[in-house]
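Asker: What follows is the file entry36.pdb, containing PDB, C-alpha atoms and all ligand atoms:
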```
ATOM      1  CA  MET A   1       0.459 -39.824  -8.948
ATOM      2  CA  ARG A   2       1.801 -36.724  -7.205
ATOM      3  CA  GLU A   3       4.763 -37.304  -4.944
ATOM      4  CA  ASN A   4       4.381 -36.507  -1.272
ATOM      5  CA  ILE A   5       6.798 -33.895  -0.007
ATOM      6  CA  LEU A   6       5.473 -33.819   3.553
ATOM      7  CA  VAL A   7       3.792 -36.580   5.529
ATOM      8  CA  LEU A   8       2.644 -36.266   9.151
ATOM      9  CA  LYS A   9       1.620 -39.479  10.877
ATOM     10  CA  ASP A  10      -0.351 -39.436  14.115
ATOM     11  CA  VAL A  11       1.414 -36.321  15.370
ATOM     12  CA  HIS A  12       0.735 -35.292  18.954
ATOM     13  CA  LYS A  13       2.140 -32.259  20.707
ATOM     14  CA  ILE A  14       1.777 -31.855  24.448
ATOM     15  CA  TYR A  15       3.249 -28.698  25.976
ATOM     16  CA  GLY A  16       4.281 -28.945  29.624
ATOM     17  CA  GLU A  17       3.657 -32.689  29.761
ATOM     18  CA  GLY A  18       2.896 -33.948  33.256
ATOM     19  CA  THR A  19       2.389 -30.498  34.757
ATOM     20  CA  PRO A  20      -0.924 -28.940  35.822
ATOM     21  CA  ASN A  21      -0.524 -26.587  32.846
ATOM     22  CA  GLU A  22      -0.294 -29.402  30.312
ATOM     23  CA  VAL A  23      -1.757 -28.443  26.905
ATOM     24  CA  HIS A  24      -2.541 -31.096  24.307
ATOM     25  CA  ALA A  25      -2.028 -28.827  21.278
ATOM     26  CA  LEU A  26      -2.086 -31.507  18.546
ATOM     27  CA  ARG A  27      -4.129 -34.668  18.916
ATOM     28  CA  GLY A  28      -3.157 -37.165  16.249
ATOM     29  CA  VAL A  29      -2.685 -35.115  13.087
ATOM     30  CA  ASN A  30      -2.345 -37.082   9.844
ATOM     31  CA  LEU A  31      -1.474 -35.154   6.718
ATOM     32  CA  GLN A  32      -0.051 -35.697   3.248
ATOM     33  CA  ILE A  33       1.074 -32.758   1.179
ATOM     34  CA  SER A  34       2.270 -33.206  -2.400
ATOM     35  CA  LYS A  35       5.149 -31.414  -4.021
ATOM     36  CA  GLY A  36       3.946 -28.155  -5.529
ATOM     37  CA  GLU A  37       0.732 -27.886  -3.552
ATOM     38  CA  MET A  38      -0.473 -24.578  -2.147
ATOM     39  CA  VAL A  39      -2.306 -25.227   1.094
ATOM     40  CA  ALA A  40      -4.058 -22.975   3.597
ATOM     41  CA  VAL A  41      -4.295 -23.976   7.258
ATOM     42  CA  MET A  42      -7.235 -22.394   9.039
ATOM     43  CA  GLY A  43      -9.054 -22.642  12.336
ATOM     44  CA  PRO A  44      -9.829 -20.699  15.507
ATOM     45  CA  SER A  45      -7.148 -19.103  17.659
ATOM     46  CA  GLY A  46      -5.365 -21.687  19.788
ATOM     47  CA  CYS A  47      -6.376 -24.711  17.675
ATOM     48  CA  GLY A  48      -2.750 -25.651  16.953
ATOM     49  CA  LYS A  49      -1.933 -24.033  13.593
ATOM     50  CA  THR A  50       1.414 -22.487  14.574
ATOM     51  CA  THR A  51       2.353 -25.627  16.491
ATOM     52  CA  MET A  52       1.692 -27.747  13.413
ATOM     53  CA  LEU A  53       3.600 -25.371  11.132
ATOM     54  CA  ASN A  54       6.626 -25.296  13.433
ATOM     55  CA  ILE A  55       6.659 -29.082  13.535
ATOM     56  CA  CYS A  56       6.357 -29.290   9.730
ATOM     57  CA  GLY A  57       9.422 -27.047   9.422
ATOM     58  CA  GLY A  58      11.522 -28.783  12.053
ATOM     59  CA  LEU A  59      11.446 -25.790  14.411
ATOM     60  CA  ASP A  60       9.765 -27.885  17.075
ATOM     61  CA  SER A  61       9.484 -31.637  17.600
ATOM     62  CA  PRO A  62       6.316 -33.633  18.232
ATOM     63  CA  THR A  63       5.685 -35.431  21.520
ATOM     64  CA  SER A  64       4.847 -38.498  19.426
ATOM     65  CA  GLY A  65       4.299 -39.348  15.771
ATOM     66  CA  THR A  66       6.531 -38.855  12.731
ATOM     67  CA  ILE A  67       7.262 -36.185  10.109
ATOM     68  CA  GLN A  68       8.646 -37.233   6.772
ATOM     69  CA  ILE A  69       9.975 -34.733   4.293
ATOM     70  CA  ASN A  70      10.843 -36.186   0.895
ATOM     71  CA  GLY A  71      10.593 -39.623   2.441
ATOM     72  CA  VAL A  72      13.067 -38.876   5.244
ATOM     73  CA  ASP A  73      11.938 -39.016   8.863
ATOM     74  CA  ILE A  74      13.289 -35.706  10.139
ATOM     75  CA  SER A  75      12.700 -36.634  13.784
ATOM     76  CA  THR A  76      15.811 -38.826  13.511
ATOM     77  CA  TYR A  77      18.001 -35.812  12.644
ATOM     78  CA  SER A  78      20.562 -34.417  15.034
ATOM     79  CA  ASP A  79      20.376 -30.676  15.796
ATOM     80  CA  GLY A  80      23.201 -30.007  13.323
ATOM     81  CA  GLN A  81      21.546 -32.021  10.539
ATOM     82  CA  MET A  82      18.270 -30.260  11.273
ATOM     83  CA  THR A  83      19.851 -26.819  10.950
ATOM     84  CA  THR A  84      21.405 -27.648   7.590
ATOM     85  CA  PHE A  85      18.189 -29.252   6.430
ATOM     86  CA  ARG A  86      16.139 -26.167   7.327
ATOM     87  CA  ARG A  87      18.657 -23.840   5.722
ATOM     88  CA  ASP A  88      18.559 -25.711   2.407
ATOM     89  CA  ASN A  89      14.897 -26.728   2.182
ATOM     90  CA  ILE A  90      12.578 -24.487   4.156
ATOM     91  CA  GLY A  91      11.612 -20.830   3.965
ATOM     92  CA  TYR A  92       9.708 -19.302   6.866
ATOM     93  CA  VAL A  93       7.581 -16.196   6.975
ATOM     94  CA  PHE A  94       6.627 -15.529  10.580
ATOM     95  CA  GLN A  95       4.052 -13.292  12.245
ATOM     96  CA  LEU A  96       7.018 -11.535  13.850
ATOM     97  CA  PHE A  97       9.625 -10.744  11.260
ATOM     98  CA  ASN A  98      12.830 -11.489  13.207
ATOM     99  CA  LEU A  99      14.831  -9.114  11.021
ATOM    100  CA  PHE A 100      18.249  -7.850  12.088
ATOM    101  CA  ASP A 101      17.769  -4.174  12.959
ATOM    102  CA  TYR A 102      21.433  -3.270  12.545
ATOM    103  CA  MET A 103      21.550  -4.524   8.953
ATOM    104  CA  SER A 104      20.086  -2.994   5.817
ATOM    105  CA  ALA A 105      17.124  -4.613   4.052
ATOM    106  CA  LEU A 106      19.593  -5.846   1.432
ATOM    107  CA  GLU A 107      21.909  -7.431   4.010
ATOM    108  CA  ASN A 108      18.967  -9.095   5.771
ATOM    109  CA  VAL A 109      17.955 -10.775   2.524
ATOM    110  CA  MET A 110      21.580 -11.718   1.752
ATOM    111  CA  VAL A 111      22.002 -13.665   5.020
ATOM    112  CA  PRO A 112      20.486 -16.988   3.861
ATOM    113  CA  LEU A 113      22.324 -16.781   0.522
ATOM    114  CA  LEU A 114      25.700 -16.230   2.192
ATOM    115  CA  ALA A 115      24.890 -19.087   4.597
ATOM    116  CA  GLN A 116      24.363 -21.333   1.575
ATOM    117  CA  GLY A 117      27.780 -20.357   0.214
ATOM    118  CA  PHE A 118      26.897 -17.835  -2.487
ATOM    119  CA  SER A 119      29.605 -15.228  -3.177
ATOM    120  CA  TYR A 120      29.020 -11.701  -1.897
ATOM    121  CA  PRO A 121      28.403 -10.220  -5.388
ATOM    122  CA  GLU A 122      26.017 -13.013  -6.356
ATOM    123  CA  ALA A 123      24.145 -12.743  -3.040
ATOM    124  CA  THR A 124      23.904  -8.974  -3.582
ATOM    125  CA  ARG A 125      22.540  -9.489  -7.081
ATOM    126  CA  ARG A 126      19.879 -12.019  -6.067
ATOM    127  CA  ALA A 127      18.802 -10.121  -2.957
ATOM    128  CA  THR A 128      18.509  -6.854  -4.893
ATOM    129  CA  MET A 129      16.435  -8.569  -7.556
ATOM    130  CA  ILE A 130      13.872  -9.996  -5.158
ATOM    131  CA  LEU A 131      13.620  -6.730  -3.187
ATOM    132  CA  ARG A 132      12.846  -4.960  -6.462
ATOM    133  CA  GLU A 133      10.202  -7.575  -7.183
ATOM    134  CA  VAL A 134       8.414  -6.829  -3.900
ATOM    135  CA  GLY A 135       8.554  -3.096  -4.618
ATOM    136  CA  LEU A 136      11.412  -2.172  -2.299
ATOM    137  CA  GLY A 137      14.028  -1.326  -4.925
ATOM    138  CA  ASP A 138      14.392   2.182  -3.498
ATOM    139  CA  ARG A 139      14.672   1.002   0.104
ATOM    140  CA  ILE A 140      17.407  -1.633  -0.014
ATOM    141  CA  TYR A 141      19.870   0.385   2.117
ATOM    142  CA  HIS A 142      17.319   1.193   4.809
ATOM    143  CA  SER A 143      17.405  -0.774   8.053
ATOM    144  CA  PRO A 144      14.183  -2.351   9.418
ATOM    145  CA  PRO A 145      13.503   0.434  11.982
ATOM    146  CA  GLU A 146      13.502   2.876   9.041
ATOM    147  CA  LEU A 147      10.816   0.882   7.213
ATOM    148  CA  SER A 148       7.060   0.642   7.709
ATOM    149  CA  GLY A 149       5.527  -2.564   9.096
ATOM    150  CA  GLY A 150       4.375  -3.688   5.658
ATOM    151  CA  GLN A 151       7.799  -2.941   4.171
ATOM    152  CA  GLN A 152       9.529  -4.911   6.919
ATOM    153  CA  GLN A 153       7.200  -7.781   6.193
ATOM    154  CA  ARG A 154       8.168  -7.682   2.526
ATOM    155  CA  VAL A 155      11.849  -7.828   3.521
ATOM    156  CA  ALA A 156      11.067 -10.874   5.679
ATOM    157  CA  ILE A 157       9.200 -12.491   2.798
ATOM    158  CA  SER A 158      12.078 -11.763   0.403
ATOM    159  CA  ARG A 159      14.485 -13.356   2.849
ATOM    160  CA  ALA A 160      12.318 -16.486   3.042
ATOM    161  CA  LEU A 161      11.965 -16.818  -0.723
ATOM    162  CA  VAL A 162      15.374 -15.750  -2.030
ATOM    163  CA  THR A 163      16.945 -19.220  -1.738
ATOM    164  CA  GLN A 164      14.001 -20.824  -3.550
ATOM    165  CA  PRO A 165      13.324 -23.377  -0.793
ATOM    166  CA  ALA A 166      11.277 -26.464  -1.667
ATOM    167  CA  ILE A 167       8.824 -25.736   1.156
ATOM    168  CA  ILE A 168       7.628 -22.303   2.230
ATOM    169  CA  LEU A 169       5.829 -22.001   5.543
ATOM    170  CA  GLY A 170       3.892 -18.832   6.263
ATOM    171  CA  ASP A 171       2.321 -18.003   9.606
ATOM    172  CA  GLU A 172      -0.169 -15.243   8.820
ATOM    173  CA  PRO A 173       2.235 -13.891   6.189
ATOM    174  CA  THR A 174      -0.166 -11.136   5.143
ATOM    175  CA  GLY A 175      -1.132 -10.276   8.728
ATOM    176  CA  ASP A 176       0.078  -6.662   8.793
ATOM    177  CA  LEU A 177      -0.382  -5.850   5.133
ATOM    178  CA  ASP A 178      -3.234  -3.841   3.665
ATOM    179  CA  SER A 179      -5.494  -5.604   1.194
ATOM    180  CA  VAL A 180      -3.712  -4.301  -1.916
ATOM    181  CA  THR A 181      -0.295  -5.428  -0.677
ATOM    182  CA  SER A 182      -1.608  -8.791   0.466
ATOM    183  CA  GLU A 183      -3.064  -9.328  -3.009
ATOM    184  CA  ASP A 184       0.414  -8.622  -4.426
ATOM    185  CA  LEU A 185       1.915 -11.069  -1.979
ATOM    186  CA  MET A 186      -0.593 -13.792  -2.822
ATOM    187  CA  ASP A 187       0.139 -13.199  -6.530
ATOM    188  CA  MET A 188       3.820 -13.663  -5.789
ATOM    189  CA  PHE A 189       3.141 -16.859  -3.830
ATOM    190  CA  LYS A 190       0.987 -18.203  -6.648
ATOM    191  CA  ARG A 191       3.638 -17.346  -9.212
ATOM    192  CA  ILE A 192       6.501 -19.096  -7.418
ATOM    193  CA  ASN A 193       4.157 -21.998  -6.733
ATOM    194  CA  THR A 194       3.400 -22.368 -10.445
ATOM    195  CA  ASP A 195       6.824 -21.439 -11.863
ATOM    196  CA  ASN A 196       9.073 -23.376  -9.494
ATOM    197  CA  ARG A 197       6.670 -25.975  -8.067
ATOM    198  CA  GLN A 198       7.559 -24.760  -4.597
ATOM    199  CA  THR A 199       5.196 -26.090  -1.925
ATOM    200  CA  LEU A 200       3.438 -23.468   0.164
ATOM    201  CA  ILE A 201       1.700 -23.962   3.481
ATOM    202  CA  ILE A 202       0.038 -20.811   4.724
ATOM    203  CA  VAL A 203      -1.634 -20.341   8.092
ATOM    204  CA  THR A 204      -4.331 -17.714   7.803
ATOM    205  CA  HIS A 205      -7.520 -16.410   9.343
ATOM    206  CA  SER A 206      -8.534 -14.919   5.989
ATOM    207  CA  GLU A 207     -11.168 -16.821   3.998
ATOM    208  CA  TRP A 208     -10.024 -14.797   0.972
ATOM    209  CA  ILE A 209      -6.502 -16.204   1.232
ATOM    210  CA  GLY A 210      -7.957 -19.657   1.832
ATOM    211  CA  GLU A 211      -9.831 -19.355  -1.460
ATOM    212  CA  GLN A 212      -6.578 -18.444  -3.252
ATOM    213  CA  CYS A 213      -5.125 -21.813  -2.238
ATOM    214  CA  GLU A 214      -6.003 -25.112  -3.875
ATOM    215  CA  ARG A 215      -6.643 -26.834  -0.568
ATOM    216  CA  ILE A 216      -7.816 -25.808   2.891
ATOM    217  CA  ILE A 217      -6.990 -27.820   5.994
ATOM    218  CA  ARG A 218      -9.120 -26.852   8.973
ATOM    219  CA  LEU A 219      -8.004 -27.579  12.510
ATOM    220  CA  ARG A 220     -10.066 -27.524  15.662
ATOM    221  CA  ASP A 221      -8.762 -28.363  19.135
ATOM    222  CA  GLY A 222      -5.631 -29.948  17.709
ATOM    223  CA  GLU A 223      -7.365 -32.149  15.154
ATOM    224  CA  VAL A 224      -7.907 -31.929  11.402
ATOM    225  CA  VAL A 225     -11.664 -31.547  11.023
ATOM    226  CA  GLU A 226     -11.799 -30.744   7.310
ATOM    227  CA  ASP A 227      -9.416 -31.202   4.392
ATOM    228  CA  CYS A 228     -10.595 -30.296   0.925
TER
HETATM  229  N1  LIG B   1       5.251 -22.962  24.169
HETATM  230  C1  LIG B   1       4.041 -23.276  24.628
HETATM  231  N2  LIG B   1       3.843 -23.715  25.886
HETATM  232  C2  LIG B   1       2.623 -24.064  26.332
HETATM  233  N3  LIG B   1       1.508 -24.001  25.596
HETATM  234  C3  LIG B   1       1.628 -23.562  24.336
HETATM  235  C4  LIG B   1       2.895 -23.169  23.779
HETATM  236  N4  LIG B   1       2.694 -22.770  22.498
HETATM  237  C5  LIG B   1       1.379 -22.899  22.269
HETATM  238  N5  LIG B   1       0.725 -23.378  23.360
HETATM  239  C6  LIG B   1      -0.699 -23.698  23.474
HETATM  240  O1  LIG B   1      -1.022 -24.648  22.462
HETATM  241  C7  LIG B   1      -2.255 -24.362  21.842
HETATM  242  C8  LIG B   1      -2.059 -24.184  20.355
HETATM  243  O2  LIG B   1      -1.278 -23.011  20.134
HETATM  244  P1  LIG B   1      -0.921 -22.479  18.689
HETATM  245  O3  LIG B   1       0.021 -21.362  18.855
HETATM  246  O4  LIG B   1      -0.482 -23.622  17.861
HETATM  247  O5  LIG B   1      -2.358 -21.952  18.185
HETATM  248  P2  LIG B   1      -2.759 -21.214  16.825
HETATM  249  O6  LIG B   1      -3.794 -22.050  16.162
HETATM  250  O7  LIG B   1      -1.543 -20.882  16.052
HETATM  251  O8  LIG B   1      -3.460 -19.872  17.373
HETATM  252  P3  LIG B   1      -3.452 -18.376  16.760
HETATM  253  O9  LIG B   1      -4.431 -18.362  15.611
HETATM  254  O10 LIG B   1      -3.950 -17.551  17.907
HETATM  255  O11 LIG B   1      -2.056 -18.024  16.359
HETATM  256  C9  LIG B   1      -2.803 -23.119  22.541
HETATM  257  O12 LIG B   1      -3.721 -23.541  23.517
HETATM  258  C10 LIG B   1      -1.584 -22.506  23.197
HETATM  259  O13 LIG B   1      -1.927 -21.818  24.383
HETATM  260 MG    MG B   2      -0.589 -19.039  15.562
END
```
The structure given in the file should be rewritten as structure tokens.
Answerer:
Amino acid sequence: MRENILVLKDVHKIYGEGTPNEVHALRGVNLQISKGEMVAVMGPSGCGKTTMLNICGGLDSPTSGTIQINGVDISTYSDGQMTTFRRDNIGYVFQLFNLFDYMSALENVMVPLLAQGFSYPEATRRATMILREVGLGDRIYHSPPELSGGQQQRVAISRALVTQPAIILGDEPTGDLDSVTSEDLMDMFKRINTDNRQTLIIVTHSEWIGEQCERIIRLRDGEVVEDC
């Protein structure tokens, strides 16, 4: 039997509870994801995909229900425990890259490694290696404003992957990339998924990306309507 890495039980998320603007974004989501799975999350705009992803990664908490990662209920964590947990276990690739504009591409990718305690030379070595892998070997000293949108996205992806986190969460990770580059990115995702058994959960509107994954979870109005 495959071991579950992520289990959501009856997760609800209500934004602005009790106000006239209340939004019931997740309505009782149940989900089990095994270690090493590569899963696409799809569904119309506003159905709750980003909300679910943020909750899976401990960036947001549910209004009710539980999230277990490796058998641990992360809703019991303090803020400090949560931060350490995210740093050591989760890699995020967001729609917006959140790169530091005053740092080079290399330094941006080194940040999570230095936070984990790697020495400066070792962090430099690993960050350089992954930037080469995504085709940015000749751009490592450029800062984000000096890079194209697709190049910035590849820096953001390198930063998410460089620490080899057990779970990688992508919110439209190929959103701004052309089709050739997004094929490269999906190849990279598939490779780390196979080589390192890293678990990937990718929110996408692209049926093509969905087909690249072994499982598609479809949400509608805050509920899982299909899972196969
Ligand atoms: N911080 C917030 N406060 C209030 N409502 C919110 C907040 N974030 C999201 N929502 C609402 O919750 C619902 C789900 O939003 P969510 O961002 O999860 O959708 P999504 O499926 O990711 O959509 P998209 O494909 O457009 O990114 C939407 O109706 C949205 O307006
Ligand atoms: Mg979204």
Asker: Which residues form the shell of 10 Å around ligand MG 2 (chain B) when you count only C-alpha atoms and all ligand atoms, given as JSON, numbers by chain?
Answerer: {"A": [42, 43, 44, 45, 46, 47, 48, 49, 50, 51, 52, 53, 54, 94, 95, 171, 172, 203, 204, 205]}
Asker: May I have the selected residues written with C-alpha atoms, as a PDB file, in the coordinates of the input?
Answerer:
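Result file part01.pdb:
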```
ATOM      1  CA  MET A  42      -7.235 -22.394   9.039  1.00  0.00           C
ATOM      2  CA  GLY A  43      -9.054 -22.642  12.336  1.00  0.00           C
ATOM      3  CA  PRO A  44      -9.829 -20.699  15.507  1.00  0.00           C
ATOM      4  CA  SER A  45      -7.148 -19.103  17.659  1.00  0.00           C
ATOM      5  CA  GLY A  46      -5.365 -21.687  19.788  1.00  0.00           C
ATOM      6  CA  CYS A  47      -6.376 -24.711  17.675  1.00  0.00           C
ATOM      7  CA  GLY A  48      -2.750 -25.651  16.953  1.00  0.00           C
ATOM      8  CA  LYS A  49      -1.933 -24.033  13.593  1.00  0.00           C
ATOM      9  CA  THR A  50       1.414 -22.487  14.574  1.00  0.00           C
ATOM     10  CA  THR A  51       2.353 -25.627  16.491  1.00  0.00           C
ATOM     11  CA  MET A  52       1.692 -27.747  13.413  1.00  0.00           C
ATOM     12  CA  LEU A  53       3.600 -25.371  11.132  1.00  0.00           C
ATOM     13  CA  ASN A  54       6.626 -25.296  13.433  1.00  0.00           C
ATOM     14  CA  PHE A  94       6.627 -15.529  10.580  1.00  0.00           C
ATOM     15  CA  GLN A  95       4.052 -13.292  12.245  1.00  0.00           C
ATOM     16  CA  ASP A 171       2.321 -18.003   9.606  1.00  0.00           C
ATOM     17  CA  GLU A 172      -0.169 -15.243   8.820  1.00  0.00           C
ATOM     18  CA  VAL A 203      -1.634 -20.341   8.092  1.00  0.00           C
ATOM     19  CA  THR A 204      -4.331 -17.714   7.803  1.00  0.00           C
ATOM     20  CA  HIS A 205      -7.520 -16.410   9.343  1.00  0.00           C
TER      21      HIS A 205
END
```
Asker: Run the PyMOL selection byres (((chain A and resi 35) around 10) and not hetatm) on the file and write out the hits as a PyMOL selection string.
Answerer: chain A and resi 2-6+32-34+36-38+70+166-167+193+197-200
Asker: Tell me which protein, DNA and RNA residues are within 10 Å of Leu26 in chain A, counting all atoms listed in the file, leaving out same-chain ones fewer than 6 positions away, and put them as an MDAnalysis selection string.
Answerer: chainID A and resid 10:15 47:49 51:52 62:64 219:224
Asker: Any idea what the distance is between CA of Glu214 in chain A and CA of Pro165 in chain A?
Answerer: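 Computing the Euclidean distance for CA of Glu214 in chain A and CA of Pro165 in chain A yields 19.6 Å.
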Asker: Which neighbours of Arg87 in chain A fall inside 8 Å, counting all atoms listed in the file, when residues of the same chain fewer than 4 positions from it are skipped, and could you give them as a count of residues only?
Answerer: 5
Asker: Give the padded box for range 9-25 of chain A as AutoDock Vina command-line options: axis-aligned, covering all atoms listed in the file, 5 Å on each side, centre and edge lengths in Å to one decimal.
Answerer:
```
--center_x 0.9 --center_y -33.0 --center_z 23.3 --size_x 16.8 --size_y 22.9 --size_z 34.9
```
Asker: Given the PyMOL selection byres (((chain A and resi 82) around 12) and not hetatm) and the file above, list the residues it selects as a PyMOL selection string.
Answerer: chain A and resi 55+57-61+69+72-81+83-90
Asker: Starting from the displayed file, determine the output of the PyMOL selection byres (((chain A and resi 144) around 8) and not hetatm) and express the residue list as a count of residues only.
Answerer: 14
Asker: For CA of Leu169 in chain A and CA of Val93 in chain A, determine how far apart the two atoms are, in Å to one decimal place.
Answerer: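 Result for CA of Leu169 in chain A versus CA of Val93 in chain A: 6.2 Å, one decimal.
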Asker: Nearest to ligand LIG 1 (chain B): which of A:Ile67, A:Met186, A:Cys228, A:Ile202 is it, counting all atoms listed in the file?
Answerer: A:Ile202
Asker: Which value, in Å to one decimal, gives the distance between CA of Leu177 in chain A and CA of Gln151 in chain A?
Answerer: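 Taking CA of Leu177 in chain A as the start and CA of Gln151 in chain A as the end point, the length is 8.7 Å.
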Asker: With distances taken over only C-alpha atoms, which of A:Ser206, A:Ser179, A:Gln153, A:Gln212 is nearest to Arg191 in chain A?
Answerer: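 Residue with the minimum atom-to-atom distance to Arg191 in chain A: A:Gln212.
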Asker: What's the 9 Å shell around Arg126 in chain A, counting all atoms listed in the file, without same-chain residues fewer than 3 positions away, as a list in words?
Answerer: Val109, Met110, Leu113, Pro121, Glu122, Ala123, Met129, Ile130, Leu131, Val162 and Thr163 of chain A
Asker: A:Arg159, A:Thr66, A:Lys190, A:Arg218: which is nearest ligand LIG 1 (chain B), counting only C-alpha atoms and all ligand atoms?
Answerer: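 When distances to ligand LIG 1 (chain B) are compared using only C-alpha atoms and all ligand atoms, the smallest one comes from A:Arg218.
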Asker: Taking (-7.4, -25.1, 4.8) in the coordinates of the supplied file, I want to know which residues reach to within 8 Å of it, counting all atoms listed in the file; could you give the answer as a PyMOL selection string?
Answerer: chain A and resi 39-42+210+215-218+226-228
Asker: For ligand LIG 1 (chain B), which residue out of A:Gly149, A:Ala127, A:Ala160, A:Pro173 is the nearest one, using only C-alpha atoms and all ligand atoms?
Answerer: A:Pro173
Asker: Which residue gives the smallest distance to ligand LIG 1 (chain B) among A:Thr124, A:Glu183, A:Gly175, A:Val7, with all atoms listed in the file counted?
Answerer: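 Closest residue, counting all atoms listed in the file: A:Gly175.
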Asker: Using only C-alpha atoms and all ligand atoms for the distances, tell me which of A:Thr174, A:Asn21, A:Ser158, A:Asn196 is nearest to ligand LIG 1 (chain B).
Answerer: A:Asn21
